[in-house]
>>> print(open('upload-v7.cif').read())   # mmCIF, C-alpha atoms
data_model
#
loop_
_atom_site.label_atom_id
_atom_site.label_comp_id
_atom_site.auth_asym_id
_atom_site.auth_seq_id
_atom_site.Cartn_x
_atom_site.Cartn_y
_atom_site.Cartn_z
CA MET A 105 -5.26 -12.38 -26.92
CA ASN A 106 -5.68 -8.98 -28.56
CA CYS A 107 -5.16 -7.12 -25.28
CA PRO A 108 -2.59 -4.33 -25.89
CA PHE A 109 -1.27 -4.79 -22.34
CA CYS A 110 -0.57 -8.54 -22.70
CA PRO A 111 2.00 -10.35 -24.85
CA PRO A 112 2.61 -10.46 -27.74
CA LEU A 113 1.57 -6.78 -28.20
CA ALA A 114 2.98 -5.64 -24.85
CA GLU A 115 6.41 -7.06 -25.66
CA LEU A 116 7.01 -4.28 -28.18
CA THR A 117 6.22 -1.49 -25.74
CA THR A 118 7.62 -2.78 -22.41
CA PHE A 119 10.62 -0.83 -21.10
CA ALA A 120 10.82 -2.10 -17.51
CA GLU A 121 9.42 -4.94 -15.43
CA THR A 122 9.19 -6.60 -12.03
CA PRO A 123 8.08 -10.20 -11.37
CA CYS A 124 4.39 -9.25 -11.63
CA PHE A 125 4.24 -5.86 -13.41
CA ARG A 126 5.44 -4.17 -16.57
CA ALA A 127 5.85 -0.54 -17.65
CA LEU A 128 4.75 0.15 -21.23
CA TYR A 129 5.11 3.14 -23.49
CA ASN A 130 1.66 4.19 -24.70
CA ILE A 131 1.10 3.53 -28.41
CA ALA A 132 -1.05 6.69 -28.54
CA PRO A 133 0.55 9.06 -25.98
CA VAL A 134 -1.45 12.19 -25.14
CA LEU A 135 1.83 13.90 -24.24
CA PRO A 136 5.48 12.82 -24.68
CA GLY A 137 6.36 10.24 -22.05
CA HIS A 138 2.80 8.99 -21.44
CA SER A 139 3.40 5.50 -20.02
CA LEU A 140 1.39 2.77 -18.31
CA VAL A 141 2.05 0.37 -15.46
CA VAL A 142 0.08 -2.89 -15.79
CA PRO A 143 0.01 -6.24 -13.99
CA LYS A 144 1.35 -9.14 -16.07
CA GLU A 145 -1.77 -11.05 -15.22
CA HIS A 146 -4.84 -9.92 -17.19
CA ILE A 147 -6.72 -8.48 -14.18
CA ARG A 148 -9.42 -5.84 -14.73
CA SER A 149 -9.46 -4.02 -11.40
CA MET A 150 -7.12 -2.80 -8.69
CA LEU A 151 -9.50 -4.58 -6.33
CA GLY A 152 -8.16 -7.86 -7.78
CA LEU A 153 -4.65 -7.29 -6.37
CA ASN A 154 -3.60 -8.62 -2.98
CA GLU A 155 -1.58 -6.38 -0.63
CA ASN A 156 1.79 -7.76 -1.74
CA LEU A 157 0.95 -7.00 -5.37
CA LEU A 158 -0.31 -3.52 -4.46
CA TYR A 159 3.02 -2.85 -2.79
CA GLU A 160 4.99 -4.16 -5.77
CA MET A 161 2.88 -1.98 -8.09
CA VAL A 162 3.20 1.27 -6.15
CA VAL A 163 6.94 1.01 -5.52
CA PHE A 164 7.58 0.09 -9.18
CA SER A 165 5.25 2.86 -10.42
CA ARG A 166 7.07 5.44 -8.34
CA LYS A 167 10.35 4.27 -9.86
CA ILE A 168 8.77 4.67 -13.31
CA VAL A 169 7.85 8.25 -12.35
CA GLN A 170 11.52 8.88 -11.62
CA VAL A 171 12.57 7.31 -14.94
CA LEU A 172 10.13 9.53 -16.84
CA MET A 173 11.11 12.69 -14.92
CA LYS A 174 14.74 12.04 -15.84
CA ALA A 175 14.07 10.99 -19.45
CA PHE A 176 11.68 13.89 -20.14
CA SER A 177 13.34 16.50 -17.87
CA CYS A 178 10.32 17.43 -15.81
CA GLN A 179 9.28 17.99 -12.20
CA SER A 180 5.56 17.21 -12.42
CA PHE A 181 3.39 14.29 -13.40
CA ASP A 182 -0.18 13.00 -13.54
CA TRP A 183 -0.94 9.57 -12.09
CA THR A 184 -4.37 8.12 -12.73
CA ILE A 185 -6.46 4.96 -12.84
CA GLN A 186 -9.97 4.62 -14.22
CA ASP A 187 -11.33 1.52 -12.61
CA GLY A 188 -14.60 0.23 -14.07
CA THR A 189 -16.79 0.96 -17.08
CA GLU A 190 -18.56 3.89 -15.41
CA ALA A 191 -15.19 5.57 -14.86
CA GLY A 192 -14.40 5.33 -18.57
CA GLN A 193 -12.20 2.21 -18.47
CA THR A 194 -12.35 0.77 -22.01
CA ILE A 195 -9.50 -1.76 -21.93
CA GLU A 196 -10.34 -4.44 -19.38
CA HIS A 197 -6.81 -4.78 -18.04
CA LEU A 198 -5.85 -2.63 -15.03
CA HIS A 199 -3.54 0.22 -16.11
CA LEU A 200 -2.08 3.17 -14.26
CA HIS A 201 -1.35 6.18 -16.51
CA ILE A 202 1.78 8.17 -15.70
CA ILE A 203 2.18 11.38 -17.70
CA PRO A 204 5.18 13.72 -17.37
CA ARG A 205 4.10 17.38 -17.36
CA HIS A 206 5.78 20.59 -18.41
CA SER A 207 4.82 24.23 -18.07
CA ASN A 208 2.21 25.18 -20.71
CA ASP A 209 2.35 21.76 -22.39
CA LEU A 210 -1.42 22.07 -22.83
CA ALA A 211 -3.76 25.06 -23.02
CA ALA A 212 -5.14 24.12 -19.56
CA PRO A 213 -3.54 21.67 -17.07
CA GLY A 214 -6.57 19.36 -17.26
CA ASP A 215 -6.70 19.02 -21.05
CA TRP A 216 -4.77 15.72 -21.04
CA TYR A 217 -7.69 13.97 -19.42
CA PRO A 218 -10.34 14.24 -22.14
CA ALA A 219 -7.55 13.59 -24.69
CA MET A 220 -6.60 10.40 -22.87
CA LEU A 221 -10.16 9.14 -22.81
CA GLN A 222 -10.51 9.92 -26.49
CA ASN A 223 -7.37 7.98 -27.29
CA GLU A 224 -8.39 5.07 -25.14
CA THR A 225 -11.71 4.83 -26.93
CA ALA A 226 -10.13 5.33 -30.36
CA ILE A 227 -7.67 2.52 -29.65
CA ILE A 228 -10.45 0.05 -30.36
CA ASP A 229 -10.71 1.30 -33.91
CA SER A 230 -7.24 1.07 -35.39
CA ALA A 231 -8.25 3.29 -38.32
CA LEU A 232 -8.96 6.18 -35.95
CA ARG A 233 -6.19 6.02 -33.40
CA GLN A 234 -3.21 8.29 -33.70
CA LYS A 235 -0.37 5.96 -32.86
CA ILE A 236 3.34 6.58 -32.98
CA ASN A 237 5.19 4.63 -35.67
CA GLN A 238 7.18 1.48 -34.99
CA ALA A 239 10.62 3.05 -35.48
CA GLU A 240 9.76 5.76 -32.98
CA MET A 241 8.48 3.14 -30.52
CA VAL A 242 11.70 1.09 -30.77
CA LYS A 243 13.75 4.24 -30.14
CA ILE A 244 11.78 5.45 -27.13
CA VAL A 245 11.52 1.99 -25.54
CA SER A 246 15.27 1.52 -25.88
CA PHE A 247 15.95 4.97 -24.37
CA LEU A 248 13.62 4.31 -21.41
CA LYS A 249 15.15 0.85 -20.84
CA GLU A 250 18.56 2.48 -20.53
CA THR A 251 17.26 5.21 -18.24
CA TYR A 252 15.62 2.59 -16.02
CA ILE A 253 18.77 0.48 -15.77
CA LYS A 254 20.93 3.48 -14.90
CA LEU A 255 18.55 4.83 -12.23
CA MET B 215 -1.54 26.62 9.02
CA ASN B 216 -4.32 27.31 6.54
CA CYS B 217 -3.76 24.05 4.68
CA PRO B 218 -7.17 22.33 4.20
CA PHE B 219 -5.48 18.91 4.54
CA CYS B 220 -3.84 19.66 7.92
CA PRO B 221 -5.44 20.21 11.33
CA PRO B 222 -7.43 22.10 12.42
CA LEU B 223 -9.34 22.22 9.09
CA ALA B 224 -8.76 18.53 8.30
CA GLU B 225 -10.26 17.45 11.61
CA LEU B 226 -13.74 18.38 10.40
CA THR B 227 -13.50 16.31 7.22
CA THR B 228 -11.53 13.22 8.32
CA PHE B 229 -13.51 9.97 8.31
CA ALA B 230 -10.69 7.39 8.59
CA GLU B 231 -7.02 7.30 9.47
CA THR B 232 -3.89 5.20 9.84
CA PRO B 233 -0.76 6.21 11.80
CA CYS B 234 0.51 8.38 8.92
CA PHE B 235 -2.50 9.03 6.62
CA ARG B 236 -6.02 10.35 6.75
CA ALA B 237 -9.04 10.08 4.45
CA LEU B 238 -11.01 13.32 4.07
CA TYR B 239 -14.32 14.17 2.49
CA ASN B 240 -13.81 16.90 -0.10
CA ILE B 241 -15.33 20.25 0.91
CA ALA B 242 -16.12 20.87 -2.78
CA PRO B 243 -16.87 17.40 -4.22
CA VAL B 244 -17.14 17.20 -8.01
CA LEU B 245 -19.41 14.15 -7.57
CA PRO B 246 -20.99 12.59 -4.45
CA GLY B 247 -18.36 10.64 -2.53
CA HIS B 248 -15.34 12.57 -3.84
CA SER B 249 -12.73 11.96 -1.13
CA LEU B 250 -9.01 12.47 -0.61
CA VAL B 251 -6.23 10.44 0.98
CA VAL B 252 -3.43 12.64 2.39
CA PRO B 253 -0.34 12.08 4.52
CA LYS B 254 -0.57 13.58 8.02
CA GLU B 255 2.76 15.22 7.42
CA HIS B 256 2.56 18.30 5.16
CA ILE B 257 4.51 16.77 2.26
CA ARG B 258 4.06 18.18 -1.27
CA SER B 259 5.00 15.22 -3.45
CA MET B 260 4.62 11.46 -3.60
CA LEU B 261 8.36 11.47 -4.18
CA GLY B 262 8.74 12.55 -0.54
CA LEU B 263 7.35 9.25 0.82
CA ASN B 264 9.59 6.33 1.71
CA GLU B 265 8.58 2.78 0.67
CA ASN B 266 6.92 1.97 4.01
CA LEU B 267 4.75 5.06 3.71
CA LEU B 268 3.93 4.27 0.08
CA TYR B 269 2.73 0.86 1.20
CA GLU B 270 0.65 2.33 4.04
CA MET B 271 -0.88 4.85 1.61
CA VAL B 272 -1.82 2.39 -1.13
CA VAL B 273 -3.31 -0.26 1.17
CA PHE B 274 -5.29 2.39 3.08
CA SER B 275 -6.43 4.07 -0.16
CA ARG B 276 -7.69 0.79 -1.53
CA LYS B 277 -9.66 0.29 1.66
CA ILE B 278 -11.13 3.78 1.21
CA VAL B 279 -12.18 2.75 -2.32
CA GLN B 280 -14.10 -0.14 -0.77
CA VAL B 281 -15.70 2.17 1.81
CA LEU B 282 -16.85 4.56 -0.93
CA MET B 283 -18.11 1.76 -3.19
CA LYS B 284 -20.20 0.46 -0.33
CA ALA B 285 -21.38 3.88 0.89
CA PHE B 286 -22.24 5.15 -2.61
CA SER B 287 -23.35 1.80 -4.11
CA CYS B 288 -21.04 1.79 -7.11
CA GLN B 289 -18.66 -0.52 -8.98
CA SER B 290 -16.33 2.07 -10.55
CA PHE B 291 -14.00 4.81 -9.38
CA ASP B 292 -11.40 7.34 -10.50
CA TRP B 293 -8.11 7.48 -8.65
CA THR B 294 -5.76 10.34 -9.44
CA ILE B 295 -2.84 12.41 -8.23
CA GLN B 296 -1.57 15.65 -9.76
CA ASP B 297 1.98 15.96 -8.54
CA GLY B 298 3.62 19.33 -9.18
CA THR B 299 2.56 22.77 -10.37
CA GLU B 300 2.78 21.84 -14.07
CA ALA B 301 0.29 19.01 -13.46
CA GLY B 302 -2.21 21.46 -11.96
CA GLN B 303 -1.47 20.81 -8.26
CA THR B 304 -2.62 23.95 -6.45
CA ILE B 305 -2.60 22.80 -2.81
CA GLU B 306 0.95 21.97 -1.82
CA HIS B 307 0.05 18.91 0.23
CA LEU B 308 0.05 15.52 -1.53
CA HIS B 309 -3.52 14.30 -2.11
CA LEU B 310 -4.97 11.33 -3.91
CA HIS B 311 -8.48 11.92 -5.28
CA ILE B 312 -10.87 8.96 -5.11
CA ILE B 313 -14.18 9.51 -6.90
CA PRO B 314 -16.99 6.92 -6.97
CA ARG B 315 -18.58 6.69 -10.44
CA HIS B 316 -22.03 5.75 -11.67
CA SER B 317 -23.48 5.20 -15.11
CA ASN B 318 -24.22 8.56 -16.81
CA ASP B 319 -23.26 10.58 -13.72
CA LEU B 320 -21.67 13.08 -16.12
CA ALA B 321 -22.29 13.90 -19.79
CA ALA B 322 -18.93 12.29 -20.65
CA PRO B 323 -16.84 9.99 -18.38
CA GLY B 324 -13.95 12.50 -18.36
CA ASP B 325 -15.95 15.58 -17.34
CA TRP B 326 -15.04 15.21 -13.66
CA TYR B 327 -11.43 16.11 -14.41
CA PRO B 328 -11.79 19.71 -15.59
CA ALA B 329 -14.43 20.17 -12.85
CA MET B 330 -11.97 18.96 -10.23
CA LEU B 331 -9.25 21.31 -11.43
CA GLN B 332 -11.71 24.18 -11.40
CA ASN B 333 -12.73 23.38 -7.84
CA GLU B 334 -9.17 23.01 -6.70
CA THR B 335 -8.29 26.40 -8.13
CA ALA B 336 -11.46 28.00 -6.78
CA ILE B 337 -10.64 26.70 -3.30
CA ILE B 338 -8.10 29.49 -3.01
CA ASP B 339 -10.84 32.05 -3.37
CA SER B 340 -13.42 31.24 -0.73
CA ALA B 341 -15.97 33.52 -2.39
CA LEU B 342 -15.93 31.38 -5.54
CA ARG B 343 -15.80 27.83 -4.26
CA GLN B 344 -18.93 25.75 -4.13
CA LYS B 345 -18.59 23.97 -0.84
CA ILE B 346 -21.04 21.72 0.94
CA ASN B 347 -22.49 23.15 4.16
CA GLN B 348 -21.29 22.18 7.62
CA ALA B 349 -24.38 20.15 8.58
CA GLU B 350 -24.04 18.11 5.41
CA MET B 351 -20.32 17.57 6.11
CA VAL B 352 -20.99 16.34 9.66
CA LYS B 353 -23.59 13.89 8.32
CA ILE B 354 -21.46 12.45 5.53
CA VAL B 355 -18.32 12.20 7.69
CA SER B 356 -20.26 10.35 10.37
CA PHE B 357 -21.77 7.97 7.78
CA LEU B 358 -18.36 7.24 6.23
CA LYS B 359 -16.78 6.70 9.66
CA GLU B 360 -19.39 4.04 10.38
CA THR B 361 -18.95 2.40 6.98
CA TYR B 362 -15.18 2.28 7.51
CA ILE B 363 -15.47 0.72 10.95
CA LYS B 364 -17.90 -1.94 9.73
CA LEU B 365 -15.84 -2.90 6.67
#
>>> encode(input="upload-v7.cif", output="structure tokens")
Amino acid sequence: MNCPFCPPLAELTTFAETPCFRALYNIAPVLPGHSLVVPKEHIRSMLGLNENLLYEMVVFSRKIVQVLMKAFSCQSFDWTIQDGTEAGQTIEHLHLHIIPRHSNDLAAPGDWYPAMLQNETAIIDSALRQKINQAEMVKIVSFLKETYIKL
Amino acid sequence: MNCPFCPPLAELTTFAETPCFRALYNIAPVLPGHSLVVPKEHIRSMLGLNENLLYEMVVFSRKIVQVLMKAFSCQSFDWTIQDGTEAGQTIEHLHLHIIPRHSNDLAAPGDWYPAMLQNETAIIDSALRQKINQAEMVKIVSFLKETYIKL
């Protein structure tokens, strides 16, 4: 499996988990704190989750919002899913983006969105993607793990 | 109350509801089918919902996705929340955008996002906003009501 949201790759980026979901730090964040919530099972669409799993996902995701707001000292966030090829989904594993936001962090509030799509496309070509280095990933994942435990 | 997501304004655009949520057709859709799920209570943030309400919202929203996929014959959708001023939230009433997507409906898959922000800002100035006319709204709301009931 080369899926970035499944083990073994996802093990390096996971900072919190429930029985059926994990929260990952994005290897190519469009803004500091850009994280993902994904099901452990390699499911493509939100339509593939039953109601119990939907509940587990939304409650966990909201907790991840609180972790990120604390860790990145912010009051605002973006929360988005692109479900399906026509919506720009390029990695065929359901993922909810959570992005902490700060005043004037981008020229216009909506600029993260094209940047995110660009990164998600670029991820396929490892020569193009702008990813954070491994030492930085270890540091941020460890910090977010601690924040999650203390919440 | 001048909030577009509260009565009386919301009564004209609502096509489905649960005890605590309603689904509205957007008065200025960025693409056909662009709808919103909002709590009936005038709450600003997703952080203001308890876990029962979160569950009600996510299960209902997923059902609205299915309504829109059927009504607009598509397989893909965008699902997004901007929570907080720094994320570009301009109407202080929590709202989840659900946008059905089709192949090549926009020049680039991410183009709906800046368009949505522009519309949401323009909504404040009624002279600027591009809204659909009332006859069209009545027609689409009635069609979506039927689709929801039959689902």
>>> calpha_fit_and_write(input="upload-v7.cif", fixed="chain A", moving="chain B", output="mmCIF file with C-alpha atoms, in the coordinates of the input")
data_model
loop_
_atom_site.group_PDB
_atom_site.id
_atom_site.type_symbol
_atom_site.label_atom_id
_atom_site.label_comp_id
_atom_site.auth_asym_id
_atom_site.auth_seq_id
_atom_site.Cartn_x
_atom_site.Cartn_y
_atom_site.Cartn_z
ATOM 1 C CA MET B 215 -5.257 -12.403 -26.925
ATOM 2 C CA ASN B 216 -5.651 -9.006 -28.556
ATOM 3 C CA CYS B 217 -5.132 -7.142 -25.291
ATOM 4 C CA PRO B 218 -2.561 -4.341 -25.894
ATOM 5 C CA PHE B 219 -1.240 -4.803 -22.329
ATOM 6 C CA CYS B 220 -0.547 -8.553 -22.691
ATOM 7 C CA PRO B 221 2.029 -10.353 -24.839
ATOM 8 C CA PRO B 222 2.632 -10.453 -27.728
ATOM 9 C CA LEU B 223 1.598 -6.785 -28.208
ATOM 10 C CA ALA B 224 3.002 -5.655 -24.843
ATOM 11 C CA GLU B 225 6.431 -7.054 -25.654
ATOM 12 C CA LEU B 226 7.031 -4.274 -28.174
ATOM 13 C CA THR B 227 6.228 -1.484 -25.718
ATOM 14 C CA THR B 228 7.657 -2.774 -22.412
ATOM 15 C CA PHE B 229 10.646 -0.825 -21.089
ATOM 16 C CA ALA B 230 10.824 -2.110 -17.483
ATOM 17 C CA GLU B 231 9.426 -4.947 -15.422
ATOM 18 C CA THR B 232 9.206 -6.599 -12.021
ATOM 19 C CA PRO B 233 8.092 -10.204 -11.373
ATOM 20 C CA CYS B 234 4.398 -9.255 -11.636
ATOM 21 C CA PHE B 235 4.259 -5.850 -13.413
ATOM 22 C CA ARG B 236 5.451 -4.168 -16.559
ATOM 23 C CA ALA B 237 5.863 -0.540 -17.634
ATOM 24 C CA LEU B 238 4.775 0.161 -21.219
ATOM 25 C CA TYR B 239 5.110 3.144 -23.492
ATOM 26 C CA ASN B 240 1.667 4.190 -24.704
ATOM 27 C CA ILE B 241 1.103 3.529 -28.419
ATOM 28 C CA ALA B 242 -1.046 6.690 -28.534
ATOM 29 C CA PRO B 243 0.555 9.060 -25.985
ATOM 30 C CA VAL B 244 -1.448 12.181 -25.136
ATOM 31 C CA LEU B 245 1.848 13.910 -24.241
ATOM 32 C CA PRO B 246 5.491 12.817 -24.688
ATOM 33 C CA GLY B 247 6.379 10.236 -22.051
ATOM 34 C CA HIS B 248 2.823 8.994 -21.439
ATOM 35 C CA SER B 249 3.399 5.502 -20.023
ATOM 36 C CA LEU B 250 1.403 2.771 -18.313
ATOM 37 C CA VAL B 251 2.060 0.373 -15.451
ATOM 38 C CA VAL B 252 0.089 -2.893 -15.792
ATOM 39 C CA PRO B 253 0.030 -6.237 -13.998
ATOM 40 C CA LYS B 254 1.357 -9.144 -16.081
ATOM 41 C CA GLU B 255 -1.769 -11.048 -15.220
ATOM 42 C CA HIS B 256 -4.840 -9.916 -17.201
ATOM 43 C CA ILE B 257 -6.718 -8.485 -14.204
ATOM 44 C CA ARG B 258 -9.423 -5.835 -14.761
ATOM 45 C CA SER B 259 -9.477 -4.021 -11.428
ATOM 46 C CA MET B 260 -7.132 -2.796 -8.726
ATOM 47 C CA LEU B 261 -9.500 -4.575 -6.371
ATOM 48 C CA GLY B 262 -8.169 -7.854 -7.798
ATOM 49 C CA LEU B 263 -4.649 -7.297 -6.394
ATOM 50 C CA ASN B 264 -3.592 -8.627 -3.010
ATOM 51 C CA GLU B 265 -1.563 -6.392 -0.644
ATOM 52 C CA ASN B 266 1.809 -7.783 -1.766
ATOM 53 C CA LEU B 267 0.966 -6.989 -5.372
ATOM 54 C CA LEU B 268 -0.294 -3.524 -4.433
ATOM 55 C CA TYR B 269 3.045 -2.870 -2.777
ATOM 56 C CA GLU B 270 4.993 -4.163 -5.792
ATOM 57 C CA MET B 271 2.869 -1.977 -8.096
ATOM 58 C CA VAL B 272 3.196 1.267 -6.144
ATOM 59 C CA VAL B 273 6.947 1.007 -5.512
ATOM 60 C CA PHE B 274 7.584 0.092 -9.166
ATOM 61 C CA SER B 275 5.264 2.866 -10.408
ATOM 62 C CA ARG B 276 7.069 5.440 -8.325
ATOM 63 C CA LYS B 277 10.335 4.276 -9.836
ATOM 64 C CA ILE B 278 8.788 4.675 -13.299
ATOM 65 C CA VAL B 279 7.854 8.256 -12.335
ATOM 66 C CA GLN B 280 11.530 8.885 -11.606
ATOM 67 C CA VAL B 281 12.565 7.309 -14.922
ATOM 68 C CA LEU B 282 10.128 9.538 -16.830
ATOM 69 C CA MET B 283 11.117 12.683 -14.915
ATOM 70 C CA LYS B 284 14.725 12.032 -15.808
ATOM 71 C CA ALA B 285 14.062 10.991 -19.421
ATOM 72 C CA PHE B 286 11.678 13.895 -20.121
ATOM 73 C CA SER B 287 13.367 16.496 -17.865
ATOM 74 C CA CYS B 288 10.333 17.432 -15.802
ATOM 75 C CA GLN B 289 9.303 17.999 -12.180
ATOM 76 C CA SER B 290 5.572 17.212 -12.429
ATOM 77 C CA PHE B 291 3.390 14.282 -13.413
ATOM 78 C CA ASP B 292 -0.181 13.003 -13.556
ATOM 79 C CA TRP B 293 -0.931 9.591 -12.118
ATOM 80 C CA THR B 294 -4.367 8.129 -12.739
ATOM 81 C CA ILE B 295 -6.444 4.976 -12.864
ATOM 82 C CA GLN B 296 -9.966 4.635 -14.255
ATOM 83 C CA ASP B 297 -11.333 1.514 -12.651
ATOM 84 C CA GLY B 298 -14.599 0.239 -14.122
ATOM 85 C CA THR B 299 -16.780 0.975 -17.134
ATOM 86 C CA GLU B 300 -18.560 3.908 -15.451
ATOM 87 C CA ALA B 301 -15.174 5.585 -14.896
ATOM 88 C CA GLY B 302 -14.383 5.341 -18.613
ATOM 89 C CA GLN B 303 -12.183 2.209 -18.507
ATOM 90 C CA THR B 304 -12.344 0.762 -22.020
ATOM 91 C CA ILE B 305 -9.495 -1.778 -21.945
ATOM 92 C CA GLU B 306 -10.324 -4.454 -19.411
ATOM 93 C CA HIS B 307 -6.798 -4.776 -18.055
ATOM 94 C CA LEU B 308 -5.839 -2.625 -15.047
ATOM 95 C CA HIS B 309 -3.539 0.230 -16.107
ATOM 96 C CA LEU B 310 -2.072 3.174 -14.279
ATOM 97 C CA HIS B 311 -1.350 6.176 -16.519
ATOM 98 C CA ILE B 312 1.796 8.162 -15.704
ATOM 99 C CA ILE B 313 2.183 11.377 -17.699
ATOM 100 C CA PRO B 314 5.191 13.710 -17.366
ATOM 101 C CA ARG B 315 4.109 17.378 -17.354
ATOM 102 C CA HIS B 316 5.791 20.596 -18.411
ATOM 103 C CA SER B 317 4.841 24.232 -18.076
ATOM 104 C CA ASN B 318 2.230 25.189 -20.721
ATOM 105 C CA ASP B 319 2.362 21.767 -22.401
ATOM 106 C CA LEU B 320 -1.413 22.080 -22.835
ATOM 107 C CA ALA B 321 -3.760 25.077 -23.007
ATOM 108 C CA ALA B 322 -5.130 24.120 -19.568
ATOM 109 C CA PRO B 323 -3.535 21.673 -17.063
ATOM 110 C CA GLY B 324 -6.569 19.349 -17.275
ATOM 111 C CA ASP B 325 -6.708 19.029 -21.071
ATOM 112 C CA TRP B 326 -4.778 15.746 -21.074
ATOM 113 C CA TYR B 327 -7.706 13.964 -19.443
ATOM 114 C CA PRO B 328 -10.353 14.239 -22.163
ATOM 115 C CA ALA B 329 -7.565 13.593 -24.712
ATOM 116 C CA MET B 330 -6.606 10.401 -22.904
ATOM 117 C CA LEU B 331 -10.183 9.154 -22.819
ATOM 118 C CA GLN B 332 -10.542 9.918 -26.504
ATOM 119 C CA ASN B 333 -7.388 7.975 -27.300
ATOM 120 C CA GLU B 334 -8.406 5.070 -25.149
ATOM 121 C CA THR B 335 -11.746 4.849 -26.910
ATOM 122 C CA ALA B 336 -10.179 5.319 -30.339
ATOM 123 C CA ILE B 337 -7.769 2.461 -29.635
ATOM 124 C CA ILE B 338 -10.619 0.072 -30.333
ATOM 125 C CA ASP B 339 -10.876 1.376 -33.858
ATOM 126 C CA SER B 340 -7.427 1.070 -35.370
ATOM 127 C CA ALA B 341 -8.398 3.326 -38.272
ATOM 128 C CA LEU B 342 -9.034 6.228 -35.889
ATOM 129 C CA ARG B 343 -6.232 6.001 -33.368
ATOM 130 C CA GLN B 344 -3.234 8.251 -33.663
ATOM 131 C CA LYS B 345 -0.394 5.938 -32.833
ATOM 132 C CA ILE B 346 3.326 6.555 -32.965
ATOM 133 C CA ASN B 347 5.185 4.604 -35.659
ATOM 134 C CA GLN B 348 7.183 1.459 -34.977
ATOM 135 C CA ALA B 349 10.627 3.035 -35.475
ATOM 136 C CA GLU B 350 9.757 5.750 -32.986
ATOM 137 C CA MET B 351 8.492 3.127 -30.508
ATOM 138 C CA VAL B 352 11.706 1.085 -30.763
ATOM 139 C CA LYS B 353 13.759 4.238 -30.125
ATOM 140 C CA ILE B 354 11.796 5.455 -27.115
ATOM 141 C CA VAL B 355 11.544 1.987 -25.537
ATOM 142 C CA SER B 356 15.290 1.514 -25.875
ATOM 143 C CA PHE B 357 15.966 4.963 -24.359
ATOM 144 C CA LEU B 358 13.635 4.300 -21.412
ATOM 145 C CA LYS B 359 15.155 0.850 -20.828
ATOM 146 C CA GLU B 360 18.570 2.473 -20.500
ATOM 147 C CA THR B 361 17.272 5.212 -18.207
ATOM 148 C CA TYR B 362 15.629 2.591 -15.984
ATOM 149 C CA ILE B 363 18.768 0.486 -15.733
ATOM 150 C CA LYS B 364 20.925 3.494 -14.860
ATOM 151 C CA LEU B 365 18.555 4.848 -12.200
#
>>> residues_around(input="upload-v7.cif", residues="range 347-355 of chain B", least_positions_apart="3", cutoff="7 Å", atoms="all atoms listed in the file", output="ChimeraX atom specification")
/B:227-229,239,358-359
>>> interface_residues(input="upload-v7.cif", of="chain B", to="chain A", cutoff="9 Å", atoms="all atoms listed in the file", output="PyMOL selection string")
chain B and resi 260-261+265+268-270+272-273+276+279-280+288-303+313-319+322-325+327-328+330-331
>>> residues_around(input="upload-v7.cif", residues="Glu196 in chain A", least_positions_apart="2", cutoff="8 Å", atoms="all atoms listed in the file", output="list in words")
Ile147, Arg148, Gln193, Thr194 and Leu198 of chain A
>>> residues_around(input="upload-v7.cif", residues="Cys110 in chain A", least_positions_apart="5", cutoff="12 Å", atoms="only C-alpha atoms", output="CSV table (one decimal) with C-alpha atoms, in the frame of the given file")
chain,number,residue,atom,x,y,z
A,105,MET,CA,-5.3,-12.4,-26.9
A,115,GLU,CA,6.4,-7.1,-25.7
A,116,LEU,CA,7.0,-4.3,-28.2
A,117,THR,CA,6.2,-1.5,-25.7
A,118,THR,CA,7.6,-2.8,-22.4
A,125,PHE,CA,4.2,-5.9,-13.4
A,126,ARG,CA,5.4,-4.2,-16.6
A,127,ALA,CA,5.8,-0.5,-17.6
A,128,LEU,CA,4.8,0.2,-21.2
A,141,VAL,CA,2.0,0.4,-15.5
A,142,VAL,CA,0.1,-2.9,-15.8
A,143,PRO,CA,0.0,-6.2,-14.0
A,144,LYS,CA,1.4,-9.1,-16.1
A,145,GLU,CA,-1.8,-11.0,-15.2
A,146,HIS,CA,-4.8,-9.9,-17.2
A,147,ILE,CA,-6.7,-8.5,-14.2
A,195,ILE,CA,-9.5,-1.8,-21.9
A,196,GLU,CA,-10.3,-4.4,-19.4
A,197,HIS,CA,-6.8,-4.8,-18.0
A,198,LEU,CA,-5.8,-2.6,-15.0
A,199,HIS,CA,-3.5,0.2,-16.1
